[in-house]
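Colleague: Got coords-v9.cif for you, mmCIF, C-alpha atoms:
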```
data_coords
#
loop_
_atom_site.label_atom_id
_atom_site.label_comp_id
_atom_site.auth_asym_id
_atom_site.auth_seq_id
_atom_site.Cartn_x
_atom_site.Cartn_y
_atom_site.Cartn_z
CA MET A 1 -153.76 128.15 -172.37
CA ASN A 2 -154.45 127.04 -175.95
CA PHE A 3 -156.40 123.78 -175.67
CA CYS A 4 -159.24 122.46 -173.51
CA SER A 5 -157.71 120.12 -170.92
CA HIS A 6 -160.98 118.18 -170.83
CA CYS A 7 -161.70 117.49 -174.56
CA GLY A 8 -158.60 118.77 -176.39
CA HIS A 9 -160.45 121.31 -178.55
CA THR A 10 -158.94 124.79 -178.97
CA VAL A 11 -160.19 127.31 -176.37
CA ARG A 12 -161.41 130.85 -176.84
CA PHE A 13 -160.53 133.68 -174.41
CA ALA A 14 -163.83 135.49 -173.97
CA ILE A 15 -166.32 136.64 -171.34
CA PRO A 16 -168.78 133.79 -170.64
CA ASP A 17 -172.52 134.54 -170.41
CA GLY A 18 -173.34 135.97 -166.98
CA ASP A 19 -169.69 136.60 -166.14
CA ASP A 20 -167.79 139.90 -166.13
CA ARG A 21 -164.24 138.89 -167.05
CA PRO A 22 -162.65 136.84 -169.83
CA ARG A 23 -161.95 133.13 -169.25
CA HIS A 24 -160.58 130.34 -171.38
CA CYS A 25 -163.77 128.76 -172.74
CA CYS A 26 -164.25 125.56 -174.73
CA ASP A 27 -167.02 125.86 -177.32
CA GLU A 28 -166.86 122.11 -177.95
CA CYS A 29 -167.56 120.67 -174.47
CA GLY A 30 -168.63 123.87 -172.67
CA THR A 31 -165.94 123.80 -169.99
CA ILE A 32 -164.85 127.17 -168.59
CA HIS A 33 -161.28 127.03 -167.31
CA TYR A 34 -161.02 129.31 -164.28
CA GLN A 35 -157.62 130.43 -163.04
CA ASN A 36 -157.14 131.54 -159.45
CA PRO A 37 -154.35 132.78 -157.16
CA ARG A 38 -152.07 130.30 -155.45
CA ILE A 39 -151.13 130.20 -151.77
CA VAL A 40 -147.46 130.16 -150.78
CA ALA A 41 -147.32 128.76 -147.23
CA GLY A 42 -144.26 128.84 -144.99
CA THR A 43 -142.84 129.34 -141.53
CA LEU A 44 -140.66 131.74 -139.58
CA PRO A 45 -138.83 129.14 -137.46
CA VAL A 46 -137.39 130.53 -134.22
CA SER A 47 -134.78 128.89 -131.98
CA GLY A 48 -134.06 130.96 -128.87
CA SER A 49 -133.01 134.37 -130.19
CA ARG A 50 -132.20 133.08 -133.67
CA VAL A 51 -134.21 132.63 -136.88
CA LEU A 52 -133.76 129.83 -139.43
CA LEU A 53 -133.13 130.77 -143.06
CA CYS A 54 -132.49 128.61 -146.15
CA ARG A 55 -130.20 129.54 -149.05
CA ARG A 56 -132.01 128.63 -152.28
CA ALA A 57 -130.51 125.91 -154.47
CA ILE A 58 -133.05 126.50 -157.25
CA SER A 59 -134.24 129.38 -159.35
CA PRO A 60 -135.75 131.86 -159.03
CA ARG A 61 -133.28 133.71 -156.78
CA LYS A 62 -130.84 130.81 -156.49
CA GLY A 63 -128.17 131.58 -153.86
CA PHE A 64 -130.39 134.04 -151.96
CA TRP A 65 -131.77 133.47 -148.46
CA THR A 66 -135.40 132.73 -147.71
CA LEU A 67 -137.78 131.45 -145.07
CA PRO A 68 -138.96 127.91 -145.84
CA ALA A 69 -142.10 128.34 -147.97
CA GLY A 70 -143.71 127.00 -151.12
CA TYR A 71 -146.92 126.35 -152.99
CA MET A 72 -149.71 124.82 -150.94
CA GLU A 73 -150.84 121.48 -152.43
CA ASN A 74 -154.33 120.11 -152.85
CA ALA A 75 -155.66 117.94 -149.99
CA GLU A 76 -153.67 119.68 -147.26
CA THR A 77 -154.31 122.54 -144.83
CA THR A 78 -152.34 125.80 -144.74
CA VAL A 79 -150.65 124.70 -141.49
CA GLU A 80 -149.78 121.31 -142.99
CA ALA A 81 -148.38 123.02 -146.09
CA ALA A 82 -146.21 125.35 -144.00
CA ALA A 83 -144.87 122.41 -141.94
CA ARG A 84 -144.26 120.30 -145.06
CA GLU A 85 -142.29 123.07 -146.79
CA THR A 86 -140.17 123.49 -143.64
CA ARG A 87 -139.53 119.75 -143.58
CA GLU A 88 -138.63 119.67 -147.29
CA GLU A 89 -136.38 122.75 -147.42
CA ALA A 90 -134.77 122.64 -143.97
CA CYS A 91 -135.25 119.01 -142.85
CA ALA A 92 -136.76 120.54 -139.72
CA GLU A 93 -139.81 119.88 -137.60
CA VAL A 94 -141.58 122.91 -136.15
CA GLU A 95 -144.28 123.69 -133.63
CA ILE A 96 -146.50 126.14 -135.48
CA HIS A 97 -148.07 129.14 -133.72
CA GLY A 98 -150.34 131.75 -135.26
CA LEU A 99 -150.55 133.05 -138.79
CA TYR A 100 -148.14 135.97 -138.81
CA THR A 101 -148.00 137.62 -142.25
CA LEU A 102 -150.59 137.45 -145.02
CA ILE A 103 -149.17 139.21 -148.07
CA ASN A 104 -151.05 139.63 -151.34
CA LEU A 105 -149.06 139.81 -154.59
CA PRO A 106 -151.82 140.51 -157.11
CA HIS A 107 -149.44 141.08 -160.05
CA ILE A 108 -148.22 137.46 -159.82
CA ASP A 109 -151.44 135.91 -158.44
CA GLN A 110 -149.94 134.75 -155.15
CA VAL A 111 -150.97 135.01 -151.50
CA TYR A 112 -148.17 134.43 -148.98
CA MET A 113 -149.08 133.00 -145.59
CA ILE A 114 -146.21 132.78 -143.12
CA PHE A 115 -146.74 131.19 -139.69
CA ARG A 116 -144.56 131.82 -136.63
CA ALA A 117 -143.04 128.57 -135.42
CA ASP A 118 -140.62 127.13 -132.88
CA LEU A 119 -137.87 124.98 -134.29
CA ALA A 120 -138.04 121.50 -132.74
CA GLY A 121 -134.71 119.73 -132.94
CA SER A 122 -132.20 119.54 -135.76
CA PHE A 123 -132.11 120.96 -139.29
CA ASP A 124 -130.21 120.38 -142.50
CA ALA A 125 -130.26 121.48 -146.15
CA GLY A 126 -133.04 119.76 -148.12
CA PRO A 127 -132.70 119.21 -151.89
CA GLU A 128 -133.95 122.75 -152.68
CA SER A 129 -131.48 124.43 -150.27
CA LEU A 130 -127.72 125.04 -150.57
CA GLU A 131 -127.45 125.57 -146.82
CA VAL A 132 -129.65 126.19 -143.81
CA ALA A 133 -128.53 128.27 -140.84
CA LEU A 134 -129.66 130.16 -137.74
CA PHE A 135 -129.19 133.95 -137.61
CA GLU A 136 -129.19 136.53 -134.85
CA GLU A 137 -130.90 139.80 -135.83
CA HIS A 138 -127.60 141.57 -136.60
CA GLU A 139 -126.50 138.66 -138.80
CA ILE A 140 -129.53 138.67 -141.16
CA PRO A 141 -128.27 139.03 -144.77
CA TRP A 142 -130.70 141.85 -145.64
CA ASP A 143 -129.11 142.45 -149.04
CA GLU A 144 -129.21 138.77 -149.95
CA LEU A 145 -132.84 137.92 -149.17
CA ALA A 146 -134.70 136.17 -151.97
CA PHE A 147 -138.06 137.95 -151.96
CA PRO A 148 -139.68 141.14 -150.61
CA THR A 149 -142.21 138.98 -148.72
CA ILE A 150 -139.34 137.48 -146.71
CA GLU A 151 -137.79 140.84 -145.91
CA ARG A 152 -141.15 142.26 -144.85
CA THR A 153 -141.91 139.28 -142.59
CA LEU A 154 -138.50 139.54 -140.88
CA ARG A 155 -138.87 143.35 -140.41
CA HIS A 156 -142.25 142.80 -138.73
CA PHE A 157 -140.79 140.08 -136.54
CA TYR A 158 -137.92 142.14 -135.17
CA ALA A 159 -140.16 145.18 -134.58
CA ASP A 160 -142.78 143.03 -132.84
CA ARG A 161 -140.23 141.13 -130.78
CA ARG A 162 -139.26 144.37 -129.07
CA GLU A 163 -142.92 144.71 -128.02
CA ALA A 164 -143.28 140.97 -127.28
CA ALA A 165 -146.53 140.84 -129.27
CA PHE A 166 -146.99 139.23 -132.68
CA PRO A 167 -150.28 140.25 -134.29
CA LEU A 168 -151.23 139.16 -137.81
CA HIS A 169 -149.97 141.62 -140.46
CA VAL A 170 -152.04 141.78 -143.67
CA SER A 171 -150.45 143.76 -146.51
CA ASP A 172 -149.87 143.90 -150.26
CA ILE A 173 -146.79 143.94 -152.46
CA THR A 174 -147.36 145.60 -155.82
CA ALA A 175 -145.46 145.29 -159.09
CA GLU A 176 -143.81 148.64 -158.26
CA ASP A 177 -142.72 147.45 -154.79
CA ARG A 178 -141.26 144.35 -156.35
CA GLU A 179 -139.38 146.28 -159.03
CA ARG A 180 -137.88 148.57 -156.39
CA TYR A 181 -136.83 145.50 -154.44
CA PHE A 182 -135.20 143.62 -157.28
CA GLY A 183 -133.80 146.74 -158.97
CA SER A 184 -132.62 145.97 -162.48
CA ALA A 185 -131.99 142.30 -161.60
CA MET B 1 -157.58 116.58 -167.02
CA ASN B 2 -157.09 114.61 -170.24
CA PHE B 3 -155.18 116.93 -172.59
CA CYS B 4 -152.28 119.38 -172.30
CA SER B 5 -153.73 122.90 -172.28
CA HIS B 6 -150.51 124.18 -173.84
CA CYS B 7 -149.95 121.83 -176.82
CA GLY B 8 -153.12 119.65 -176.94
CA HIS B 9 -151.30 116.31 -176.51
CA THR B 10 -152.77 113.73 -174.11
CA VAL B 11 -151.37 114.02 -170.57
CA ARG B 12 -150.10 111.29 -168.27
CA PHE B 13 -150.81 111.27 -164.50
CA ALA B 14 -147.46 110.34 -163.00
CA ILE B 15 -144.83 111.52 -160.52
CA PRO B 16 -142.39 113.89 -162.31
CA ASP B 17 -138.63 113.48 -161.76
CA GLY B 18 -137.63 115.09 -158.47
CA ASP B 19 -141.23 115.40 -157.28
CA ASP B 20 -143.06 113.27 -154.70
CA ARG B 21 -146.66 113.29 -155.91
CA PRO B 22 -148.42 112.60 -159.20
CA ARG B 23 -149.17 115.51 -161.57
CA HIS B 24 -150.69 115.77 -165.03
CA CYS B 25 -147.58 115.70 -167.25
CA CYS B 26 -147.27 116.32 -170.98
CA ASP B 27 -144.59 114.12 -172.58
CA GLU B 28 -144.86 116.12 -175.81
CA CYS B 29 -144.04 119.68 -174.63
CA GLY B 30 -142.81 118.89 -171.08
CA THR B 31 -145.40 121.01 -169.26
CA ILE B 32 -146.36 119.86 -165.76
CA HIS B 33 -149.87 120.98 -164.87
CA TYR B 34 -149.95 121.76 -161.15
CA GLN B 35 -153.27 122.02 -159.33
CA ASN B 36 -153.55 124.00 -156.12
CA PRO B 37 -156.22 124.97 -153.57
CA ARG B 38 -158.46 127.93 -154.20
CA ILE B 39 -159.23 130.78 -151.82
CA VAL B 40 -162.86 131.64 -151.04
CA ALA B 41 -162.88 135.23 -149.75
CA GLY B 42 -165.82 136.93 -148.08
CA THR B 43 -167.07 139.24 -145.37
CA LEU B 44 -169.13 139.17 -142.19
CA PRO B 45 -170.92 142.52 -142.68
CA VAL B 46 -172.19 144.06 -139.45
CA SER B 47 -174.72 146.89 -139.10
CA GLY B 48 -175.24 147.89 -135.47
CA SER B 49 -176.30 144.68 -133.71
CA ARG B 50 -177.28 142.92 -136.93
CA VAL B 51 -175.43 140.75 -139.47
CA LEU B 52 -176.06 140.69 -143.22
CA LEU B 53 -176.82 137.35 -144.87
CA CYS B 54 -177.64 136.46 -148.49
CA ARG B 55 -180.03 133.70 -149.60
CA ARG B 56 -178.39 131.85 -152.48
CA ALA B 57 -180.05 132.01 -155.91
CA ILE B 58 -177.62 129.48 -157.40
CA SER B 59 -176.45 125.98 -156.65
CA PRO B 60 -174.90 124.55 -154.63
CA ARG B 61 -177.22 125.09 -151.66
CA LYS B 62 -179.70 127.26 -153.54
CA GLY B 63 -182.23 128.79 -151.12
CA PHE B 64 -179.88 128.55 -148.12
CA TRP B 65 -178.36 131.54 -146.31
CA THR B 66 -174.71 132.51 -146.53
CA LEU B 67 -172.27 135.30 -145.88
CA PRO B 68 -171.19 137.04 -149.12
CA ALA B 69 -168.14 135.08 -150.33
CA GLY B 70 -166.70 133.53 -153.47
CA TYR B 71 -163.58 132.49 -155.33
CA MET B 72 -160.73 134.98 -155.27
CA GLU B 73 -159.74 136.05 -158.81
CA ASN B 74 -156.30 136.56 -160.29
CA ALA B 75 -154.88 140.10 -160.08
CA GLU B 76 -156.72 141.05 -156.89
CA THR B 77 -155.92 140.99 -153.18
CA THR B 78 -157.81 138.96 -150.57
CA VAL B 79 -159.38 142.16 -149.20
CA GLU B 80 -160.39 143.27 -152.70
CA ALA B 81 -161.87 139.84 -153.38
CA ALA B 82 -163.90 139.94 -150.15
CA ALA B 83 -165.21 143.45 -150.96
CA ARG B 84 -166.00 142.50 -154.58
CA GLU B 85 -167.99 139.43 -153.53
CA THR B 86 -169.96 141.55 -151.05
CA ARG B 87 -170.69 144.07 -153.79
CA GLU B 88 -171.75 141.35 -156.26
CA GLU B 89 -173.92 139.27 -153.92
CA ALA B 90 -175.37 141.97 -151.65
CA CYS B 91 -174.93 145.19 -153.69
CA ALA B 92 -173.26 146.51 -150.55
CA GLU B 93 -170.12 148.49 -149.79
CA VAL B 94 -168.24 147.56 -146.63
CA GLU B 95 -165.41 148.87 -144.50
CA ILE B 96 -163.22 145.82 -143.98
CA HIS B 97 -161.52 145.15 -140.65
CA GLY B 98 -159.26 142.23 -139.80
CA LEU B 99 -159.18 138.71 -141.14
CA TYR B 100 -161.54 136.83 -138.84
CA THR B 101 -161.79 133.15 -139.84
CA LEU B 102 -159.33 131.12 -141.91
CA ILE B 103 -160.85 127.69 -142.52
CA ASN B 104 -159.10 124.91 -144.43
CA LEU B 105 -161.23 122.40 -146.34
CA PRO B 106 -158.58 119.99 -147.59
CA HIS B 107 -161.06 117.44 -148.99
CA ILE B 108 -162.36 120.01 -151.50
CA ASP B 109 -159.11 122.01 -151.91
CA GLN B 110 -160.48 125.27 -150.55
CA VAL B 111 -159.29 127.84 -148.01
CA TYR B 112 -161.99 130.17 -146.66
CA MET B 113 -160.95 133.65 -145.56
CA ILE B 114 -163.72 135.71 -143.97
CA PHE B 115 -163.07 139.33 -142.95
CA ARG B 116 -165.11 141.26 -140.37
CA ALA B 117 -166.63 144.34 -141.95
CA ASP B 118 -168.97 147.25 -141.27
CA LEU B 119 -171.82 147.67 -143.69
CA ALA B 120 -171.63 151.12 -145.30
CA GLY B 121 -175.02 152.20 -146.63
CA SER B 122 -177.65 150.25 -148.49
CA PHE B 123 -177.87 146.66 -149.74
CA ASP B 124 -179.92 144.65 -152.21
CA ALA B 125 -180.01 141.19 -153.77
CA GLY B 126 -177.36 140.77 -156.48
CA PRO B 127 -177.89 138.30 -159.35
CA GLU B 128 -176.61 135.36 -157.26
CA SER B 129 -178.92 136.12 -154.30
CA LEU B 130 -182.66 135.56 -153.88
CA GLU B 131 -182.77 138.03 -150.99
CA VAL B 132 -180.42 139.87 -148.65
CA ALA B 133 -181.37 140.77 -145.07
CA LEU B 134 -180.06 141.84 -141.67
CA PHE B 135 -180.45 139.45 -138.73
CA GLU B 136 -180.28 139.82 -134.96
CA GLU B 137 -178.55 136.91 -133.23
CA HIS B 138 -181.85 135.24 -132.24
CA GLU B 139 -183.09 135.52 -135.84
CA ILE B 140 -180.17 133.66 -137.51
CA PRO B 141 -181.61 130.74 -139.54
CA TRP B 142 -179.15 128.19 -138.11
CA ASP B 143 -180.88 125.26 -139.82
CA GLU B 144 -180.89 126.99 -143.18
CA LEU B 145 -177.24 128.06 -143.48
CA ALA B 146 -175.54 127.06 -146.73
CA PHE B 147 -172.14 125.82 -145.53
CA PRO B 148 -170.41 124.72 -142.30
CA THR B 149 -167.82 127.51 -142.81
CA ILE B 150 -170.63 130.07 -142.49
CA GLU B 151 -172.10 128.48 -139.36
CA ARG B 152 -168.66 128.29 -137.74
CA THR B 153 -167.86 131.93 -138.54
CA LEU B 154 -171.17 133.11 -137.08
CA ARG B 155 -170.73 130.96 -133.92
CA HIS B 156 -167.27 132.51 -133.38
CA PHE B 157 -168.69 135.98 -133.93
CA TYR B 158 -171.46 135.72 -131.34
CA ALA B 159 -169.13 134.12 -128.76
CA ASP B 160 -166.48 136.80 -129.37
CA ARG B 161 -168.98 139.64 -129.33
CA ARG B 162 -169.81 138.84 -125.71
CA GLU B 163 -166.10 139.32 -124.93
CA ALA B 164 -165.78 142.33 -127.29
CA ALA B 165 -162.61 140.85 -128.84
CA PHE B 166 -162.34 139.32 -132.31
CA PRO B 167 -159.11 137.38 -132.74
CA LEU B 168 -158.34 135.42 -135.91
CA HIS B 169 -159.67 131.85 -135.74
CA VAL B 170 -157.75 129.26 -137.81
CA SER B 171 -159.41 125.86 -138.12
CA ASP B 172 -160.15 122.95 -140.45
CA ILE B 173 -163.33 121.33 -141.71
CA THR B 174 -162.88 117.71 -142.70
CA ALA B 175 -164.93 115.50 -145.00
CA GLU B 176 -166.48 113.93 -141.87
CA ASP B 177 -167.43 117.35 -140.44
CA ARG B 178 -169.01 118.25 -143.73
CA GLU B 179 -170.98 115.00 -143.96
CA ARG B 180 -172.31 115.52 -140.43
CA TYR B 181 -173.33 119.03 -141.43
CA PHE B 182 -175.14 118.16 -144.63
CA GLY B 183 -176.53 114.85 -143.35
CA SER B 184 -177.90 112.77 -146.20
CA ALA B 185 -178.56 115.87 -148.33
#
```
Using the file provided, produce a representation of the structure as C-alpha cells.

Modeller:
Amino acid sequence: MNFCSHCGHTVRFAIPDGDDRPRHCCDECGTIHYQNPRIVAGTLPVSGSRVLLCRRAISPRKGFWTLPAGYMENAETTVEAAARETREEACAEVEIHGLYTLINLPHIDQVYMIFRADLAGSFDAGPESLEVALFEEHEIPWDELAFPTIERTLRHFYADRREAAFPLHVSDITAEDRERYFGSA
Amino acid sequence: MNFCSHCGHTVRFAIPDGDDRPRHCCDECGTIHYQNPRIVAGTLPVSGSRVLLCRRAISPRKGFWTLPAGYMENAETTVEAAARETREEACAEVEIHGLYTLINLPHIDQVYMIFRADLAGSFDAGPESLEVALFEEHEIPWDELAFPTIERTLRHFYADRREAAFPLHVSDITAEDRERYFGSA
C-alpha cells in the first residue's frame, strides 16, 4: 500500500498513537488503513459414500483437486459463502450441515471454514473448474490435492466417518507445514 | 474508496471481466481492490459460576458491558486473537476451550467468533475498558449489554450450562435484529 485510498496522499507505515503495531497511516486526511485476515468458506459435499472434488482451472495450483471454497464476500454469511462457492465451482446445490474444519493460516492471513454438506442433485464444472467428480475414499488423489487445508479436511472426514461422529476440528497450518506440503514446488 | 492504494490513480467502481459483482478497479495499474468481511474474535471467560464482562471505555457503545473481543489481526490465529483481546481489554490470561458462537452480521460485514474459556488468575481494566467484573447469572446487566452478539452468546451459555453441554452455535444477526436490539439509539 503506497497511497491513501480515501484522499490519494502517500501513506506512512508507522504505529498510530494508542496502537501497538504498524499500520498504513495517512497524515493528510488521518485515515488509518487496517488490514485483516480473510475467510475462505467452502463445503465438503457428500453423496452416499462419495465426496465431490473440483479440479482447478485457475492458478494457484491449476490442475490440482480441491473442495469447492473461496473468499467470503461482504454482505453474505459464512454458510451463504460456502453454498455460493459450491454453486460457482461445481454447479451444485448442497444442504449444509455443521461447520467441520476451522483452519488458521496466519502466514497468509487466511481462515478456512469448511462445512459438511449433502449434495442435492446434479453437478458440473463451473468456469473455475476443469472437471468435477465424485470419489470413493480409495480413489482420492492424495498426491494431487491443491492445498494442505483440503488434505487435512478429508483426513478428518474419513477418520470421523469410521466413528460416525463429525465434531468441529480447529487447527493451524504454519509456513513450515505448508512448505513441507508443497515441497520445492 | 476513491484512489488506488497501489498507484494513486482514481478508481472506478465496476464489475471486472469474469466477475459478477462491482469492485474498486484501477484502470491505470490494473489492481482490483477486493473488500471482505472481518472476524471479531473474543472469549467468554468463566471463573467458577461467574462470567467476566468488560465495560467499554470507547465508542461504539461506550459505558455498555461486553465480552472481551475485537478485530482479528493479520499473522495471528483465531485463538490467538481471542486470547490477545482478552489480555488487552481485561488484563486477563485465559485457557481457551472450543469455539462456542459463530455469528454472521452480513449487513456490517463481520463474523463474530467467541470461544469459551477459563479465567486463569487476576484481571483488571485495560485501556479500552472502564471496569472489568465477574457476574453471577442473576447479576448480568441484560439491559446494558453493548451488542446483540454478546447477549446471544450469554443466553446460549446459561441455557447450555443447565444441560452441561456446550455445542457450537452458528447463527446470523440481520439489520432488522440489530435495529430491534438498539431501538432508536

Colleague: Return the neighbours of chain A among the residues of chain B, cut-off 7 Å, counting only C-alpha atoms, as a list in words.

Modeller: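 Taken together, these residues fit the definition: Met1, Asn2, Phe3, Cys4, Ser5, His6, Cys7, Gly8, Gln35, Asn36, Pro37, Arg38, Met72, Glu73, Asn74, Ala75, Glu76, Thr77, Thr78, Asn104, Pro106, His107 and Asp109 of chain B.
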
Colleague: So which residues touch Ile96 in chain A within 7 Å, counting only C-alpha atoms, skipping near sequence neighbours fewer than 4 positions away, as a PDB file with C-alpha atoms, in the coordinates of the input?

Modeller:
```
ATOM      1  CA  PHE A 115    -146.740 131.190-139.690  1.00  0.00           C
ATOM      2  CA  ARG A 116    -144.560 131.820-136.630  1.00  0.00           C
ATOM      3  CA  ALA A 117    -143.040 128.570-135.420  1.00  0.00           C
ATOM      4  CA  ASP A 118    -140.620 127.130-132.880  1.00  0.00           C
TER       5      ASP A 118
END
```

Colleague: Might you pull out every residue within 7 Å of Ala82 in chain A, with all atoms listed in the file counted and same-chain residues fewer than 4 positions away left off, and present them as a list in words?

Modeller: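 Within the cut-off, the hits are Ala41, Gly42, Thr43, Ala69, Thr78 and Thr86 of chain A.
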
Colleague: Report as a list in words the residues that result from applying the PyMOL selection byres ((chain A and resi 27) around 9) to the structure here.

Modeller: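 Selected by the PyMOL selection byres ((chain A and resi 27) around 9) here: His9, Thr10, Val11, Arg12, Cys25, Cys26, Glu28, Cys29, Gly30 and Thr31 of chain A.
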
Colleague: From the list B:Tyr100, B:Asp19, B:Glu95, B:Arg87, which residue is nearest Asp160 in chain B when using all atoms listed in the file?

Modeller: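 Looking only at the distances to Asp160 in chain B, the closest residue turns out to be B:Tyr100.
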
Colleague: Interatomic distance between CA of Ala125 in chain B and CA of Cys54 in chain B?

Modeller: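 If I compute the distance from CA of Ala125 in chain B to CA of Cys54 in chain B, I get 7.5 Å.
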
Colleague: Quick one, how far is CA of Tyr181 in chain A from CA of Phe64 in chain A?

Modeller: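 So the two atoms, CA of Tyr181 in chain A and CA of Phe64 in chain A, lie 13.4 Å apart.
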
Colleague: Quick one: pull the distance between CA of Glu128 in chain B and CA of Asp17 in chain A, Å, one decimal.

Modeller: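 Calculated distance between CA of Glu128 in chain B and CA of Asp17 in chain A is 13.8 Å.
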
Colleague: Using all atoms listed in the file, which of B:Ile32, B:Leu145, B:Ala83, B:Ala90 sits nearest Ile15 in chain B?

Modeller: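 Smallest separation from Ile15 in chain B among the options: B:Ile32.
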
Colleague: Rank B:Arg56, B:Arg180, B:His156, B:His24 by their smallest atom-to-atom distance to Ile114 in chain B, using all atoms listed in the file, and report the top residue only.

Modeller: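 Closest to Ile114 in chain B of all the choices is B:His156.
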
Colleague: Return the single residue from A:Ala133, A:Ile58, A:Leu44, A:Ala146 that is closest to Thr101 in chain A, with distances computed using all atoms listed in the file.

Modeller: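 That would be A:Leu44, the residue with the smallest distance to Thr101 in chain A.
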
Colleague: Since I can't run it myself right now, could you work out what the PyMOL selection byres ((chain A and resi 147) around 9) selects here and report it as a list in words?

Modeller: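 That expression, the PyMOL selection byres ((chain A and resi 147) around 9), corresponds here to Arg61, Phe64, Trp65, Thr66, Leu145, Ala146, Pro148, Thr149, Ile150, Glu151, Arg152, Arg178, Tyr181 and Phe182 of chain A.
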
Colleague: For the structure provided, state which residues fall under the PyMOL selection byres ((chain A and resi 137) around 8), and present them as a count of residues only.

Modeller: 8

Colleague: Quick one: of B:Ala92, B:Arg155, B:Leu67, B:Ala164, who's nearest to Tyr112 in chain B, counting all atoms listed in the file?

Modeller: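 Distance minimum relative to Tyr112 in chain B lands on B:Leu67.
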